[in-house]
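Chemist: Mind looking over this structure? Questions follow.
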Amino acid sequence: ELYPAHARDDIEEVARLCEHDLHEAAQRAGRLGIGSCGHQEALDTLFRALDALEGRLAGRDHLRGGELTLADVHVWVSLVQLDTVHRWHLDATAVHRIAGYRRLWAYARRLAALPAVGSHLDLDGIARRHHARCRGREAAGAAVQIVEWAAHL
């Protein structure tokens, strides 16, 4: 069960972290014209979230230890979005720093290799949806791919 009763508060906390501190912060950091202060604040939020997740995975296979839960799914989806969507709008320095979370990206690759998880990864669909909505210029970070997702499917 991905949403066990004893873990629901923790799962919801991880979902909020993914939505606000990963997804929204990455979007803000990639926006043109927000100013250097707003850009740095967004990156600081993003890196604090990545630090927290990296720390939670120390000595663990999953966020809650040995069991795969919805928290892992939330994080995996957020990492896929970070690499396949948000990195296109971040500068190369930020993308290289994001790629430096070795434990977190190894975890993402392990989850992608699970048929129950990786079979839902539609890279072409993600690219189509992103490019249909994206109106901004892609930044220098665009060329730096973090994970070769297709290799793990």
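Residue numbers start at 1 in each chain; chains themselves are named A, B, ... in the order of the structure tokens; ligands are numbered from 1 in the order shown.
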Which polymer residues have any atom within 12 Å of an atom of Trp149 of chain A, counting only C-alpha atoms, with same-chain residues fewer than 3 positions away left out, as a ChimeraX atom specification?

Modeler: /A:76,79-81,83-84,105-106,108-113,117-124,145-146,152-153

Chemist: Identify, on the basis of only C-alpha atoms, every residue whose closest approach to Ala15 of chain A does not exceed 9 Å; exclude the query and any residue fewer than 2 positions from it along the same chain; express the result as a tab-separated table (two decimals) with C-alpha atoms, in the first residue's frame.

Modeler:
```
chain	number	residue	atom	x	y	z
A	10	ASP	CA	4.79	12.26	6.58
A	11	ILE	CA	3.60	11.56	3.03
A	12	GLU	CA	1.57	14.79	3.00
A	13	GLU	CA	4.56	16.73	4.32
A	17	LEU	CA	7.77	19.98	0.05
A	18	CYS	CA	7.72	18.71	-3.53
A	19	GLU	CA	5.03	21.12	-4.65
A	20	HIS	CA	6.26	24.29	-2.95
A	70	LEU	CA	3.45	7.71	-2.11
A	71	ALA	CA	6.13	10.02	-0.69
A	74	HIS	CA	5.93	12.46	-5.17
A	75	VAL	CA	9.70	12.92	-5.00
```

Chemist: Can you pull out the residues contacting Tyr101 of chain A? Cut-off 9 Å, using only C-alpha atoms, and skip same-chain residues under 3 positions away; I want them as a PyMOL selection string.

Modeler: chain A and resi 50-51+54+97-98+104-106

Chemist: Between A:Glu24, A:Arg31, A:Leu68, A:Ala58, single out the one closest to Arg102 of chain A, counting only C-alpha atoms.

Modeler: A:Ala58

Chemist: For a quick check of understanding, using only C-alpha atoms, which of A:Arg103, A:Arg64, A:Arg28, A:Arg48 has the smallest distance to Arg87 of chain A?

Modeler: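 For Arg87 of chain A, the nearest of the given residues is A:Arg28.
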
Chemist: Which value, in Å to one decimal, gives the distance between atom CA of Gly65 of chain A and atom CA of Pro115 of chain A?

Modeler: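 Atom CA of Pro115 of chain A lies 20.2 Å from atom CA of Gly65 of chain A.
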
Chemist: What is the atom CA of Ala42 of chain A to atom CA of Val14 of chain A distance in Å?

Modeler: 18.2 Å

Chemist: Using only C-alpha atoms, which residue out of A:Tyr107, A:Ala150, A:Ala132, A:Ala26 lies closest to Asp72 of chain A?

Modeler: A:Tyr107

Chemist: Looking at A:Asp21, A:Cys134, A:Leu2, A:Gly125, which one is nearest to His62 of chain A, with distances taken over only C-alpha atoms?

Modeler: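 Once distances to His62 of chain A are computed over only C-alpha atoms, the minimum belongs to A:Leu2.
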
Chemist: Using only C-alpha atoms for the distances, tell me which of A:Val147, A:Val95, A:Ala52, A:Leu63 is nearest to Ala29 of chain A.

Modeler: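 Comparing A:Val147, A:Val95, A:Ala52, A:Leu63 against Ala29 of chain A, the winner is A:Val95.
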
Chemist: Taking only C-alpha atoms into account, name the residue in A:Arg8, A:His23, A:Arg16, A:His130 that is nearest to Trp88 of chain A.

Modeler: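 Looking only at the distances to Trp88 of chain A, the closest residue turns out to be A:His130.
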